[in-house]
Each structure stands twice: as structure tokens, then as C-alpha cells.
Amino acid sequence: MQQRRSVHVVEKMGGGNGHLSYDKEGKAPHHVTTGKLSQMTLLGAAFVIVIQGILIVNFYTSGYGSGSGFANQPQRKYVHDDPAHPWHWVRENPPDPDIGKKRDCDGRLYEEMYDYFQREGWIIFRSCSLQLDEERVLDPVAEFTKSIEGDRIVNAPNKQVRELAVDPDTLEFIEYIHGGRRTFPYQTLNFPKGTQQRLHSDLVHFDSQPRALMTAAWVALEDMNENNGPLRFFPKSHQWGTWDYDEVGLHYKYDTMRDQAKDQENYGYELEDAMMKAGLAEANASEMKRGQTFIWAAALVHGGSKQKDLSLSRLSQVTHYFFEGTDYLWQPRTSQITSGKVTYIHLVKPPCKRQFLGEGGGSEPIFSCADGEIASFKNNWKAEF
Ligand SMILES: O=C(O)CCC(=O)C(=O)O
């Protein structure tokens, strides 16, 4: 049976405070008229309704409405299949139905988590392979993280940190919720305490082309609580755009490119303000338990909340991932696209290109550069340092 849902769009960014509600088939809201209308008035009213209908369909096709429906179109099972969904082009294959039937180790169905992630921009996942590897991987990573002096270690030269980054169920789940694209880790960060980091969207620091094909998996190495500075985030903010410096107008409002720390501070203030204007509600991950993984979409606005009790630890590891078939590692926050300035982080790193079946004669298996990236991230940790 077809399900009918209403799609609500809060019109606050445009200045108004209206709350528009569209029917799933894209029909205009009902209009109730009273009194006796003349023929002219009826014609005029019909004209207005037709124009309104056109405007509503235009709104749907413009992308960022989370609506999923045109009249006479079949019901779609996955939001990603909807041409009005901002990420619909990311999908390469229908999600693998066998993987969709799997459950994470908190018992939740992957298929349902897929929809949740697309809609909300985040999901808490418990990897079964990591649960099995608790003593071998999670415990030593927690011990290592506890011993860190300073606020973080980037790409730690530690075998178990690398193993956590390539945990098999986490990789498979990330691929599943990103339209079947192969993924690979790019960097790890281990934090002994809350970062209290300002709001940001990760893709200001490193992004891909096509954009937003990047994600992060943040593993709680101990239980979180309200006092140890859990992650803070704005559900659904990923649906509004990229939130990079260009998009929030930072380059034009401030004298950027002189002091990067100051830019990031101003960017944080701008985002606090933008979240309020967008009417997006804040959430935090204080309920997370040890061994759970918080996965967020590239453009989800997030940061670290204030650590109320500084005597507490807040042991965590976050890994950022890219996807094959994309160019990656450019940095929007130090780029100004409108004036043709693009900053790359690793100039020499070639894009992770896919080798298609048939290129070398037809019958050999598809080689994925993601496999090479995973192996090198996991095994070369000694050579890098
Ligand atoms: O762990 C945190 O508090 C924030 C981490 C974060 O924002 C990030 O890795 O992008």
C-alpha cells in the first residue's frame, strides 16, 4: 500500500517564518472558499491555483526540499532514488538487498538505518566485527588514547588505531549507506578529552569532487555523558547544502586568508547563527556507549560540546573516509572557487580511480583502488613515521 507523507519545509532562510506543507503527490494545499464567487473570480482563483502548482513542482525539482514525490511517479523505496534528493547522483547501485537485511550489534536493521542516515545525516552503529575484536582492538586503542599528551594525535603510528579505522563491518556499513561506493580511510584523530571544537562541516577541511563524498566514523572508546564534552550536532543540516566558507559568505564578510584560526572562529559563529535561522534543533551524543560508532554525513554541522567536568576523560577515535571514483583532498576553507583558487592538501595524490571490468580483456575481477588504500592505511603505519 502506498504511504502518504507530508513534507514540511521551514521557510526561514528566505526571511519569512512561514511553515509550508506539501502533500506527497506535490498537490497544492487545500483552499477553502466562502461566499458566492462570480465566474470571473472563479477563473482568477483557478489561475492562481495552477500557478501555485507549478511553483510547488519547481520547488521539488530544485533539490534541497526533502520532498520525495511527483504526481504519477512510483513510490520509491529509498530516498536516494528520488531525483529531488540532493544526493541522488551519489547512488551508483541499488543498495545490496542482502546487506540491507543485516542487523548491527544493537539489533537494528541496516535497511532502516540507511533511510535514517539519508534523512537525518547521522546514525549510531554498533559493529559486530568490532565487538568481536574488543580485546584485540578496542581495549588497546582506549589505552593508547588515554596516554596521549596534548589534545589529539593525527594518524597515530599505532597498529590497533589503524585496525579500528578499517574495521570490516564499519567499512561495509559506510559503503552500504553511501550507495554502494567503495570507501577507504584518509585520516584518524584520537582524542583523550572533549575537543570543544566549534561548529563546522567537515568538508571545509577536506572535500571531494563530486562533492560531499566523504564521511566520518567516530568511535566511543568509553561511555559518554553530559559532562565529558560529547559530540554536538544539528540533525538534517546536511540537507541544506555544504556549509563551506563560500556558501556561508565568510570570504565576503570577513577579511579571510590572513589568520586561519580567526577564520575558523568566525565560521563557528556564522554557523551558530545559521542553525538558528534555519530553525534546526541541536542534539548531542551523550548517550553513546563504549564500542558504538557515530557516523555523520560530510555536510552535517557538528562540533564538540563544552566539557563541563575537565577532570573526566572523553576517549574517542574518529576516522575520516573518502570514496573511490572521486577526486579528493582539496580544501574549501582555503580555496576561493569564485576567483579560481583551489588548494589541494596532497598535490601528488592521484584520485582513487576505479578499474572497470573489461578494461584488460574482460574476465578478470574488478580491481578497486579502495582495496589498495585500505591495505596501505592499515599496513604502512610504521613506514609513515
Ligand atoms: O570529537 C569531537 O568533539 C569533534 C570531532 C570533530 O568535529 C571532527 O572530527 O570533525
# chains A, B, ... in the order shown; residues from 1 in each chain; ligands from 1
>>> select_by_dssp(residues="stretch 114-163 of chain A", states="alpha helix (DSSP H)", output="list in words")
Tyr114, Asp115, Tyr116, Phe117, Gln118, Arg119, Glu120, Cys128, Ser129, Leu130, Gln131, Leu132, Asp139, Pro140, Val141, Ala142, Glu143, Phe144, Thr145, Lys146, Lys159, Gln160, Val161, Arg162 and Glu163 of chain A
>>> residues_near_ligand(ligand="ligand 1", cutoff="6 Å", atoms="only C-alpha atoms and all ligand atoms", output="list in words")
Gly194, Thr195, Gln196, Gln197, Asp202, Leu231, His302, Gly303, Gly304 and Val318 of chain A
>>> write_last_selection(atoms="N, CA and C atoms", output="PDB file, in the first residue's frame")
ATOM      1  N   GLY A 194      37.374  15.937  25.669  1.00  0.00           N
ATOM      2  CA  GLY A 194      36.447  16.594  24.755  1.00  0.00           C
ATOM      3  C   GLY A 194      37.184  17.653  23.949  1.00  0.00           C
ATOM      4  N   THR A 195      36.848  17.799  22.673  1.00  0.00           N
ATOM      5  CA  THR A 195      37.573  18.764  21.837  1.00  0.00           C
ATOM      6  C   THR A 195      37.001  20.176  21.976  1.00  0.00           C
ATOM      7  N   GLN A 196      35.755  20.266  22.376  1.00  0.00           N
ATOM      8  CA  GLN A 196      35.033  21.543  22.466  1.00  0.00           C
ATOM      9  C   GLN A 196      35.164  22.330  21.156  1.00  0.00           C
ATOM     10  N   GLN A 197      35.290  21.563  20.081  1.00  0.00           N
ATOM     11  CA  GLN A 197      35.516  22.173  18.762  1.00  0.00           C
ATOM     12  C   GLN A 197      34.302  22.975  18.305  1.00  0.00           C
ATOM     13  N   ASP A 202      32.608  19.063   8.042  1.00  0.00           N
ATOM     14  CA  ASP A 202      33.966  18.548   7.796  1.00  0.00           C
ATOM     15  C   ASP A 202      34.503  18.911   6.426  1.00  0.00           C
ATOM     16  N   LEU A 231      29.885  14.786  21.472  1.00  0.00           N
ATOM     17  CA  LEU A 231      29.656  15.434  20.182  1.00  0.00           C
ATOM     18  C   LEU A 231      28.363  16.225  20.239  1.00  0.00           C
ATOM     19  N   HIS A 302      28.440  19.999  12.954  1.00  0.00           N
ATOM     20  CA  HIS A 302      28.691  19.370  14.250  1.00  0.00           C
ATOM     21  C   HIS A 302      29.903  20.021  14.918  1.00  0.00           C
ATOM     22  N   GLY A 303      30.184  19.602  16.131  1.00  0.00           N
ATOM     23  CA  GLY A 303      31.359  20.086  16.862  1.00  0.00           C
ATOM     24  C   GLY A 303      31.432  19.340  18.182  1.00  0.00           C
ATOM     25  N   GLY A 304      32.290  19.825  19.082  1.00  0.00           N
ATOM     26  CA  GLY A 304      32.388  19.191  20.402  1.00  0.00           C
ATOM     27  C   GLY A 304      31.707  20.089  21.416  1.00  0.00           C
ATOM     28  N   VAL A 318      38.167   9.247  15.823  1.00  0.00           N
ATOM     29  CA  VAL A 318      37.378   9.492  14.620  1.00  0.00           C
ATOM     30  C   VAL A 318      38.248   9.206  13.402  1.00  0.00           C
TER      31      VAL A 318
END
>>> residues_around(residues="A:Ile124", least_positions_apart="2", cutoff="7 Å", atoms="only C-alpha atoms", output="list in words")
Arg126, Gln292, Thr293, Phe294 and Ile295 of chain A
>>> select_by_dssp(residues="stretch 169-338 of chain A", states="strand (DSSP E)", output="NGL selection string")
:A and (183-191 or 207-209 or 214-220 or 231-233 or 283-284 or 293-297 or 302-304 or 316-323 or 327-330)
>>> residues_around(residues="stretch 237-249 of chain A", least_positions_apart="2", cutoff="7 Å", atoms="only C-alpha atoms", output="list in words")
Tyr64, Pro86, Gly121, Ser201, Leu203, Val204, Phe234, Pro235, His251, Tyr252, Lys253, Ala297, Ala299, Leu300, Val301, Pro332 and Arg333 of chain A
>>> residues_around(residues="stretch 283-287 of chain A", least_positions_apart="6", cutoff="6 Å", atoms="only C-alpha atoms", output="MDAnalysis selection string")
chainID A and resid 224:226 230:233
>>> write_last_selection(atoms="C-alpha atoms", output="short mmCIF file (atom, residue, chain, number, x, y, z; two decimals), in the first residue's frame")
data_model
loop_
_atom_site.label_atom_id
_atom_site.label_comp_id
_atom_site.auth_asym_id
_atom_site.auth_seq_id
_atom_site.Cartn_x
_atom_site.Cartn_y
_atom_site.Cartn_z
CA MET A 224 29.79 9.32 27.06
CA ASN A 225 27.87 11.60 29.40
CA GLU A 226 26.63 15.21 29.62
CA PRO A 230 30.11 14.72 23.89
CA LEU A 231 29.66 15.43 20.18
CA ARG A 232 27.07 18.09 19.37
CA PHE A 233 25.32 18.23 16.02
#
